$ cat target.cif   # mmCIF, C-alpha atoms
data_protein
#
loop_
_atom_site.group_PDB
_atom_site.id
_atom_site.type_symbol
_atom_site.label_atom_id
_atom_site.label_comp_id
_atom_site.auth_asym_id
_atom_site.auth_seq_id
_atom_site.Cartn_x
_atom_site.Cartn_y
_atom_site.Cartn_z
ATOM 1 C CA MET E 1 64.184 -57.140 52.073
ATOM 2 C CA ILE E 2 63.403 -54.050 49.974
ATOM 3 C CA ALA E 3 63.481 -56.121 46.782
ATOM 4 C CA GLU E 4 61.098 -58.655 48.327
ATOM 5 C CA ARG E 5 58.662 -55.911 49.332
ATOM 6 C CA ARG E 6 58.849 -54.430 45.853
ATOM 7 C CA ASN E 7 58.157 -57.835 44.297
ATOM 8 C CA ASP E 8 55.241 -58.342 46.679
ATOM 9 C CA GLY E 9 53.878 -54.926 45.711
ATOM 10 C CA MET E 10 54.121 -55.717 42.011
ATOM 11 C CA LEU E 11 52.417 -59.071 42.567
ATOM 12 C CA VAL E 12 49.557 -57.332 44.378
ATOM 13 C CA ALA E 13 49.271 -54.815 41.525
ATOM 14 C CA HIS E 14 49.139 -57.549 38.868
ATOM 15 C CA LEU E 15 46.608 -59.579 40.860
ATOM 16 C CA SER E 16 44.512 -56.432 41.369
ATOM 17 C CA MET E 17 44.386 -55.632 37.654
ATOM 18 C CA PHE E 18 43.621 -59.239 36.756
ATOM 19 C CA GLY E 19 40.898 -59.387 39.412
ATOM 20 C CA ALA E 20 39.338 -56.128 38.228
ATOM 21 C CA CYS E 21 39.247 -57.122 34.557
ATOM 22 C CA ALA E 22 38.051 -60.644 35.348
ATOM 23 C CA GLY E 23 35.353 -59.161 37.588
ATOM 24 C CA TRP E 24 34.211 -56.823 34.804
ATOM 25 C CA GLY E 25 34.284 -59.695 32.323
ATOM 26 C CA LEU E 26 31.995 -61.755 34.547
ATOM 27 C CA MET E 27 29.755 -58.744 35.204
ATOM 28 C CA ALA E 28 28.522 -58.696 31.584
ATOM 29 C CA PRO E 29 26.895 -62.181 31.559
ATOM 30 C CA VAL E 30 25.804 -61.915 35.214
ATOM 31 C CA GLY E 31 24.185 -58.524 34.610
ATOM 32 C CA LYS E 32 22.597 -59.815 31.414
ATOM 33 C CA GLU E 33 21.150 -62.791 33.300
ATOM 34 C CA ALA E 34 19.614 -60.461 35.883
ATOM 35 C CA MET E 35 18.091 -58.260 33.182
ATOM 36 C CA LEU E 36 16.568 -61.329 31.536
ATOM 37 C CA HIS E 37 14.695 -62.088 34.764
ATOM 38 C CA GLY E 38 12.923 -58.898 35.748
ATOM 39 C CA VAL E 39 15.527 -56.152 36.250
ATOM 40 C CA SER E 40 15.220 -53.372 33.679
ATOM 41 C CA GLY E 41 18.238 -51.603 32.238
ATOM 42 C CA LEU E 42 17.392 -48.318 34.002
ATOM 43 C CA SER E 43 16.901 -50.105 37.324
ATOM 44 C CA MET E 44 20.262 -51.850 36.973
ATOM 45 C CA VAL E 45 21.974 -48.517 36.284
ATOM 46 C CA THR E 46 20.325 -47.049 39.370
ATOM 47 C CA PHE E 47 21.377 -49.978 41.545
ATOM 48 C CA ARG E 48 24.963 -49.608 40.291
ATOM 49 C CA VAL E 49 25.213 -45.854 40.782
ATOM 50 C CA VAL E 50 23.349 -45.485 44.082
ATOM 51 C CA GLY E 51 24.709 -48.728 45.544
ATOM 52 C CA ALA E 52 28.312 -47.815 44.749
ATOM 53 C CA CYS E 53 27.712 -44.295 46.080
ATOM 54 C CA LEU E 54 26.624 -45.674 49.459
ATOM 55 C CA LEU E 55 29.558 -48.105 49.554
ATOM 56 C CA PHE E 56 32.126 -45.396 48.762
ATOM 57 C CA TRP E 57 30.689 -43.052 51.408
ATOM 58 C CA LEU E 58 30.747 -45.877 53.942
ATOM 59 C CA THR E 59 34.339 -46.766 53.057
ATOM 60 C CA SER E 60 35.415 -43.119 53.232
ATOM 61 C CA LEU E 61 34.681 -43.181 56.974
ATOM 62 C CA PHE E 62 37.719 -45.440 57.436
ATOM 63 C CA VAL E 63 40.235 -43.721 55.118
ATOM 64 C CA HIS E 64 41.968 -40.342 55.095
ATOM 65 C CA ARG E 65 39.571 -37.534 54.182
ATOM 66 C CA GLU E 66 40.922 -35.063 51.634
ATOM 67 C CA HIS E 67 39.926 -31.410 51.460
ATOM 68 C CA VAL E 68 38.114 -30.674 48.205
ATOM 69 C CA PRO E 69 37.586 -27.007 47.202
ATOM 70 C CA ARG E 70 34.117 -25.968 46.077
ATOM 71 C CA GLY E 71 35.306 -25.488 42.502
ATOM 72 C CA ASP E 72 36.556 -29.071 42.298
ATOM 73 C CA LYS E 73 33.329 -30.374 43.825
ATOM 74 C CA LEU E 74 31.445 -28.708 40.969
ATOM 75 C CA MET E 75 33.920 -30.099 38.428
ATOM 76 C CA PHE E 76 33.167 -33.579 39.751
ATOM 77 C CA ALA E 77 29.602 -33.017 38.520
ATOM 78 C CA GLY E 78 30.876 -32.730 34.950
ATOM 79 C CA ALA E 79 33.130 -35.731 35.464
ATOM 80 C CA ALA E 80 30.149 -37.717 36.735
ATOM 81 C CA ILE E 81 28.182 -36.978 33.555
ATOM 82 C CA PHE E 82 30.816 -38.383 31.197
ATOM 83 C CA GLY E 83 32.575 -40.893 33.459
ATOM 84 C CA LEU E 84 29.508 -42.429 35.097
ATOM 85 C CA LEU E 85 26.092 -41.358 33.809
ATOM 86 C CA LEU E 86 26.667 -41.585 30.067
ATOM 87 C CA ASN E 87 29.204 -44.396 30.435
ATOM 88 C CA GLN E 88 27.231 -46.668 32.753
ATOM 89 C CA CYS E 89 23.788 -45.804 31.373
ATOM 90 C CA CYS E 90 24.794 -46.488 27.776
ATOM 91 C CA TYR E 91 26.736 -49.632 28.661
ATOM 92 C CA THR E 92 24.034 -51.133 30.872
ATOM 93 C CA LEU E 93 21.196 -50.258 28.503
ATOM 94 C CA GLY E 94 23.291 -51.577 25.618
ATOM 95 C CA LEU E 95 23.953 -54.799 27.505
ATOM 96 C CA SER E 96 20.211 -55.237 28.042
ATOM 97 C CA LEU E 97 19.771 -55.227 24.252
ATOM 98 C CA THR E 98 22.855 -56.981 22.875
ATOM 99 C CA SER E 99 24.884 -60.033 23.889
ATOM 100 C CA PRO E 100 27.412 -59.867 26.752
ATOM 101 C CA ILE E 101 30.045 -61.149 24.293
ATOM 102 C CA ASN E 102 29.528 -58.144 22.004
ATOM 103 C CA ALA E 103 29.419 -55.744 24.953
ATOM 104 C CA SER E 104 32.726 -57.011 26.362
ATOM 105 C CA ILE E 105 34.493 -56.958 22.979
ATOM 106 C CA VAL E 106 33.365 -53.379 22.330
ATOM 107 C CA THR E 107 34.632 -52.380 25.792
ATOM 108 C CA THR E 108 38.239 -53.053 24.759
ATOM 109 C CA SER E 109 38.008 -50.256 22.160
ATOM 110 C CA MET E 110 38.323 -47.531 24.805
ATOM 111 C CA PRO E 111 42.112 -46.966 24.289
ATOM 112 C CA ILE E 112 41.407 -46.228 20.622
ATOM 113 C CA PHE E 113 38.871 -43.529 21.543
ATOM 114 C CA ALA E 114 41.299 -42.189 24.164
ATOM 115 C CA MET E 115 44.021 -41.867 21.527
ATOM 116 C CA LEU E 116 41.726 -40.089 19.049
ATOM 117 C CA LEU E 117 40.454 -37.642 21.677
ATOM 118 C CA SER E 118 44.000 -36.989 22.924
ATOM 119 C CA ALA E 119 44.931 -36.051 19.358
ATOM 120 C CA LEU E 120 41.941 -33.707 19.057
ATOM 121 C CA ILE E 121 41.973 -32.172 22.542
ATOM 122 C CA LEU E 122 45.581 -32.496 23.723
ATOM 123 C CA LYS E 123 47.091 -32.231 20.208
ATOM 124 C CA GLU E 124 49.055 -35.479 20.577
ATOM 125 C CA PRO E 125 50.511 -36.669 17.238
ATOM 126 C CA ILE E 126 49.045 -39.703 15.460
ATOM 127 C CA THR E 127 51.752 -42.027 14.148
ATOM 128 C CA GLY E 128 51.350 -44.460 11.272
ATOM 129 C CA LYS E 129 51.171 -47.372 13.713
ATOM 130 C CA LYS E 130 48.402 -45.633 15.659
ATOM 131 C CA ALA E 131 46.476 -44.959 12.461
ATOM 132 C CA ILE E 132 46.684 -48.631 11.444
ATOM 133 C CA GLY E 133 45.572 -49.632 14.960
ATOM 134 C CA VAL E 134 42.563 -47.328 14.786
ATOM 135 C CA LEU E 135 41.633 -48.685 11.350
ATOM 136 C CA MET E 136 41.837 -52.302 12.546
ATOM 137 C CA GLY E 137 39.921 -51.582 15.738
ATOM 138 C CA CYS E 138 37.185 -49.753 13.852
ATOM 139 C CA SER E 139 36.990 -52.612 11.347
ATOM 140 C CA GLY E 140 36.455 -55.097 14.186
ATOM 141 C CA ALA E 141 33.771 -52.917 15.792
ATOM 142 C CA LEU E 142 32.069 -52.428 12.420
ATOM 143 C CA MET E 143 32.087 -56.186 11.842
ATOM 144 C CA LEU E 144 30.353 -56.731 15.186
ATOM 145 C CA ILE E 145 27.742 -54.087 14.393
ATOM 146 C CA LEU E 146 27.010 -55.487 10.927
ATOM 147 C CA THR E 147 26.738 -59.008 12.367
ATOM 148 C CA SER E 148 24.291 -57.695 14.964
ATOM 149 C CA ALA E 149 22.271 -55.903 12.301
ATOM 150 C CA SER E 150 21.802 -59.172 10.410
ATOM 151 C CA HIS E 151 20.789 -61.217 13.481
ATOM 152 C CA VAL E 152 19.087 -58.780 15.933
ATOM 153 C CA SER E 153 19.301 -61.196 18.855
ATOM 154 C CA ASP E 154 20.316 -60.538 22.452
ATOM 155 C CA LYS E 155 22.412 -63.731 22.289
ATOM 156 C CA VAL E 156 24.199 -62.955 19.014
ATOM 157 C CA GLY E 157 24.012 -59.165 19.082
ATOM 158 C CA ASP E 158 21.760 -56.171 18.526
ATOM 159 C CA ILE E 159 22.981 -53.125 16.615
ATOM 160 C CA ARG E 160 21.280 -50.758 19.054
ATOM 161 C CA GLY E 161 23.023 -52.358 22.027
ATOM 162 C CA ASP E 162 26.390 -52.472 20.247
ATOM 163 C CA LEU E 163 26.197 -48.769 19.397
ATOM 164 C CA LEU E 164 25.220 -47.874 22.971
ATOM 165 C CA CYS E 165 28.165 -49.872 24.356
ATOM 166 C CA LEU E 166 30.444 -48.211 21.811
ATOM 167 C CA PHE E 167 29.231 -44.752 22.850
ATOM 168 C CA ALA E 168 29.841 -45.707 26.492
ATOM 169 C CA GLN E 169 33.536 -46.206 25.689
ATOM 170 C CA PHE E 170 33.651 -42.896 23.834
ATOM 171 C CA SER E 171 32.093 -41.158 26.833
ATOM 172 C CA PHE E 172 34.636 -42.639 29.269
ATOM 173 C CA ALA E 173 37.542 -41.735 26.967
ATOM 174 C CA LEU E 174 36.182 -38.172 26.807
ATOM 175 C CA TYR E 175 36.007 -38.128 30.612
ATOM 176 C CA LEU E 176 39.677 -39.166 30.838
ATOM 177 C CA SER E 177 40.727 -36.475 28.343
ATOM 178 C CA LEU E 178 38.732 -33.629 29.903
ATOM 179 C CA PHE E 179 39.114 -34.391 33.605
ATOM 180 C CA ASN E 180 42.536 -36.052 33.824
ATOM 181 C CA PRO E 181 44.079 -33.192 35.892
ATOM 182 C CA LEU E 182 41.164 -33.346 38.346
ATOM 183 C CA ILE E 183 41.257 -37.104 38.935
ATOM 184 C CA ARG E 184 45.030 -37.030 39.433
ATOM 185 C CA ARG E 185 44.668 -34.681 42.423
ATOM 186 C CA TYR E 186 42.656 -37.030 44.645
ATOM 187 C CA ASN E 187 42.559 -40.654 45.774
ATOM 188 C CA VAL E 188 40.097 -43.221 44.489
ATOM 189 C CA PHE E 189 37.700 -42.883 47.428
ATOM 190 C CA THR E 190 37.450 -39.092 47.159
ATOM 191 C CA ILE E 191 36.974 -39.216 43.389
ATOM 192 C CA ASN E 192 34.287 -41.874 43.417
ATOM 193 C CA ARG E 193 32.509 -40.522 46.496
ATOM 194 C CA TYR E 194 31.807 -37.220 44.764
ATOM 195 C CA MET E 195 31.300 -38.608 41.272
ATOM 196 C CA PHE E 196 28.821 -41.267 42.370
ATOM 197 C CA SER E 197 27.038 -38.715 44.574
ATOM 198 C CA TRP E 198 26.543 -36.330 41.672
ATOM 199 C CA ALA E 199 25.498 -39.190 39.402
ATOM 200 C CA SER E 200 22.913 -40.377 41.937
ATOM 201 C CA ILE E 201 21.465 -36.868 42.292
ATOM 202 C CA MET E 202 21.142 -36.490 38.511
ATOM 203 C CA LEU E 203 19.843 -40.012 37.864
ATOM 204 C CA LEU E 204 17.295 -40.679 40.614
ATOM 205 C CA PRO E 205 14.631 -38.135 39.546
ATOM 206 C CA PHE E 206 14.250 -40.026 36.237
ATOM 207 C CA THR E 207 14.568 -43.629 37.441
ATOM 208 C CA PHE E 208 13.232 -43.657 41.011
ATOM 209 C CA GLY E 209 9.711 -44.840 40.111
ATOM 210 C CA GLU E 210 10.857 -47.664 37.847
ATOM 211 C CA THR E 211 13.517 -48.755 40.335
ATOM 212 C CA MET E 212 11.008 -48.883 43.196
ATOM 213 C CA ASP E 213 8.710 -51.026 41.033
ATOM 214 C CA THR E 214 11.626 -53.423 40.579
ATOM 215 C CA VAL E 215 12.384 -53.434 44.309
ATOM 216 C CA CYS E 216 8.746 -54.194 45.142
ATOM 217 C CA SER E 217 8.434 -56.945 42.547
ATOM 218 C CA HIS E 218 8.889 -60.579 43.516
ATOM 219 C CA LEU E 219 12.244 -61.309 41.939
ATOM 220 C CA PRO E 220 14.064 -64.594 42.602
ATOM 221 C CA VAL E 221 16.831 -64.594 45.199
ATOM 222 C CA LYS E 222 19.288 -65.570 42.462
ATOM 223 C CA THR E 223 18.452 -62.405 40.525
ATOM 224 C CA TRP E 224 19.072 -60.210 43.579
ATOM 225 C CA MET E 225 22.398 -61.987 44.116
ATOM 226 C CA GLU E 226 23.317 -61.154 40.512
ATOM 227 C CA VAL E 227 22.395 -57.508 41.112
ATOM 228 C CA GLY E 228 24.521 -57.593 44.268
ATOM 229 C CA TYR E 229 27.479 -58.895 42.266
ATOM 230 C CA VAL E 230 27.121 -56.108 39.687
ATOM 231 C CA VAL E 231 27.030 -53.441 42.425
ATOM 232 C CA CYS E 232 29.508 -54.763 44.987
ATOM 233 C CA VAL E 233 32.044 -56.513 42.756
ATOM 234 C CA GLY E 234 31.553 -55.266 39.201
ATOM 235 C CA THR E 235 31.304 -51.616 40.253
ATOM 236 C CA PHE E 236 32.668 -50.945 43.760
ATOM 237 C CA LEU E 237 35.452 -53.528 44.174
ATOM 238 C CA CYS E 238 36.681 -53.459 40.572
ATOM 239 C CA TYR E 239 37.053 -49.665 40.674
ATOM 240 C CA ILE E 240 39.275 -49.991 43.764
ATOM 241 C CA LEU E 241 41.327 -52.876 42.342
ATOM 242 C CA THR E 242 41.940 -50.920 39.145
ATOM 243 C CA MET E 243 43.328 -47.959 41.087
ATOM 244 C CA VAL E 244 45.619 -50.276 43.077
ATOM 245 C CA GLY E 245 47.004 -51.745 39.873
ATOM 246 C CA GLN E 246 47.363 -48.429 38.058
ATOM 247 C CA ARG E 247 49.458 -46.923 40.845
ATOM 248 C CA ALA E 248 52.233 -49.523 40.407
ATOM 249 C CA LEU E 249 52.023 -50.698 36.789
ATOM 250 C CA ARG E 250 52.907 -48.895 33.571
ATOM 251 C CA PRO E 251 49.959 -47.840 31.383
ATOM 252 C CA THR E 252 51.024 -50.308 28.680
ATOM 253 C CA VAL E 253 50.956 -53.161 31.194
ATOM 254 C CA VAL E 254 47.541 -52.053 32.450
ATOM 255 C CA SER E 255 46.212 -51.979 28.887
ATOM 256 C CA VAL E 256 47.204 -55.616 28.357
ATOM 257 C CA TYR E 257 44.783 -56.648 31.084
ATOM 258 C CA ASN E 258 41.925 -55.216 28.971
ATOM 259 C CA TYR E 259 42.083 -58.476 27.037
ATOM 260 C CA VAL E 260 41.117 -60.470 30.146
ATOM 261 C CA GLN E 261 37.625 -58.970 30.213
ATOM 262 C CA PRO E 262 36.246 -60.314 26.894
ATOM 263 C CA ILE E 263 37.941 -63.697 27.397
ATOM 264 C CA VAL E 264 36.207 -64.172 30.751
ATOM 265 C CA SER E 265 32.958 -62.793 29.366
ATOM 266 C CA VAL E 266 32.948 -65.130 26.363
ATOM 267 C CA PHE E 267 33.507 -68.291 28.415
ATOM 268 C CA ALA E 268 31.028 -67.247 31.124
ATOM 269 C CA SER E 269 28.393 -66.255 28.539
ATOM 270 C CA LEU E 270 28.676 -69.592 26.760
ATOM 271 C CA LEU E 271 28.496 -71.537 30.029
ATOM 272 C CA MET E 272 25.489 -69.539 31.237
ATOM 273 C CA GLY E 273 23.737 -69.755 27.879
ATOM 274 C CA VAL E 274 23.332 -65.987 27.450
ATOM 275 C CA GLY E 275 25.641 -65.652 24.453
ATOM 276 C CA VAL E 276 26.446 -67.338 21.146
ATOM 277 C CA LEU E 277 29.947 -67.231 19.635
ATOM 278 C CA LYS E 278 30.023 -66.819 15.844
ATOM 279 C CA PRO E 279 33.090 -66.960 13.528
ATOM 280 C CA THR E 280 32.651 -63.235 12.913
ATOM 281 C CA HIS E 281 33.034 -62.671 16.674
ATOM 282 C CA ALA E 282 36.416 -64.398 16.603
ATOM 283 C CA LEU E 283 37.597 -62.292 13.652
ATOM 284 C CA ALA E 284 36.299 -59.113 15.302
ATOM 285 C CA VAL E 285 38.207 -60.005 18.483
ATOM 286 C CA ILE E 286 41.434 -60.398 16.493
ATOM 287 C CA LEU E 287 40.956 -57.049 14.741
ATOM 288 C CA VAL E 288 40.018 -55.113 17.887
ATOM 289 C CA PHE E 289 42.746 -56.697 20.029
ATOM 290 C CA THR E 290 45.405 -56.058 17.385
ATOM 291 C CA GLY E 291 44.224 -52.485 16.903
ATOM 292 C CA VAL E 292 44.326 -51.755 20.630
ATOM 293 C CA TRP E 293 47.758 -53.403 20.898
ATOM 294 C CA LEU E 294 49.160 -51.208 18.104
ATOM 295 C CA VAL E 295 47.721 -48.041 19.664
ATOM 296 C CA THR E 296 49.003 -48.784 23.169
ATOM 297 C CA LYS E 297 52.425 -49.944 21.916
ATOM 298 C CA SER E 298 52.854 -46.793 19.874
ATOM 299 C CA ARG E 299 51.771 -44.665 22.828
ATOM 300 C CA ALA E 300 54.335 -46.385 25.055
ATOM 301 C CA ARG E 301 57.134 -45.450 22.656
ATOM 302 C CA ASP E 302 55.902 -41.852 22.528
ATOM 303 C CA ASP E 303 55.910 -41.671 26.317
ATOM 304 C CA SER E 304 59.438 -43.056 26.562
ATOM 305 C CA ARG E 305 60.754 -40.208 24.389
ATOM 306 C CA ARG E 306 59.498 -37.502 26.747
#

$ encode --input "target.cif" --output "structure tokens"
Amino acid sequence: MIAERRNDGMLVAHLSMFGACAGWGLMAPVGKEAMLHGVSGLSMVTFRVVGACLLFWLTSLFVHREHVPRGDKLMFAGAAIFGLLLNQCCYTLGLSLTSPINASIVTTSMPIFAMLLSALILKEPITGKKAIGVLMGCSGALMLILTSASHVSDKVGDIRGDLLCLFAQFSFALYLSLFNPLIRRYNVFTINRYMFSWASIMLLPFTFGETMDTVCSHLPVKTWMEVGYVVCVGTFLCYILTMVGQRALRPTVVSVYNYVQPIVSVFASLLMGVGVLKPTHALAVILVFTGVWLVTKSRARDDSRR
């Protein structure tokens, strides 16, 4: 009976991680489609941040409330800057400029940034395998950027959008390195309730007018449904599913699911007609995926020695 429950729990964890990464993969082309039909990048960011904030506060009414000291509440403001504002603003604005295929491929580079920042901030050693992984991952990202520079198309890629998406991953990796002790102390609802609240407070003064213009404009119902998917599934639900998976699965197993996101995004982008797959994309995928695999595999061995 205990073994069956454990197997059921592992199945739920695997399904949660797959669902989260598949949901994020689909969010790129769906969000891109919405931004091609009247929703600006800043408005989409505002819908994501404020919408998820309201959903997390609503959900928190039905879960255990944790006591959060004033000092930690203030620290959540810093976490919101790196983990939400810079991350989501740069990614969403980047997606509005580049192709969803490029955006999703660049997203898988986050473990490489996390490893580099851990070496700089936490003084973790860099092995030869990690160094090769970083080199391969950077080569793949550079290939994407150079391809975008030669085409400058939101279906093939745009160097400005690629760089913004790349900085979004750097920002989130910095958030994980700086605020890891804080986010380990609380559950997913407490963390996101405060982080999204701070992000909304800091974002709304700059985007309220543009967002209200979008709300008052006559957008198609399909576009609003796409915005709803980005907020409810791509932001709120996927954050919860990720936490469910991370509580039961090893970090190396979780990292493998990163590869689901670009695969889903590529197929969905091609079917929806919002992306074009070039041979250089395929080579970049191989380089980035291999680089991330080497970094995460090397990290797993380091962890097993402790």

$ residues_around --input "target.cif" --residues "Ala20 (chain E)" --least-positions-apart "3" --cutoff "6 Å" --atoms "all atoms listed in the file" --output "ChimeraX atom specification"
/E:17,23,238,241-242

$ closest_atom_pairs --input "target.cif" --of "region 84-124 of chain E" --to "region 184-197 of chain E" --cutoff "12 Å" --atoms "all atoms listed in the file" --output "JSON lines"
{"residue": "E:Leu84", "atom": "CA", "partner": "E:Phe196", "partner_atom": "CA", "distance": 7.4}
{"residue": "E:Leu85", "atom": "CA", "partner": "E:Phe196", "partner_atom": "CA", "distance": 9.0}
{"residue": "E:Gln88", "atom": "CA", "partner": "E:Phe196", "partner_atom": "CA", "distance": 11.1}

$ atom_distance --input "target.cif" --atom1 "CA of Leu116 (chain E)" --atom2 "CA of Ala77 (chain E)"
24.0 Å

$ axis_aligned_box --input "target.cif" --around "region 49-68 of chain E" --padding-each-side "6 Å" --output "JSON"
{"center_x": 32.7, "center_y": -39.7, "center_z": 49.1, "size_x": 30.6, "size_y": 30.1, "size_z": 28.7}

$ atom_distance --input "target.cif" --atom1 "CA of Asp72 (chain E)" --atom2 "CA of Leu178 (chain E)"
13.4 Å
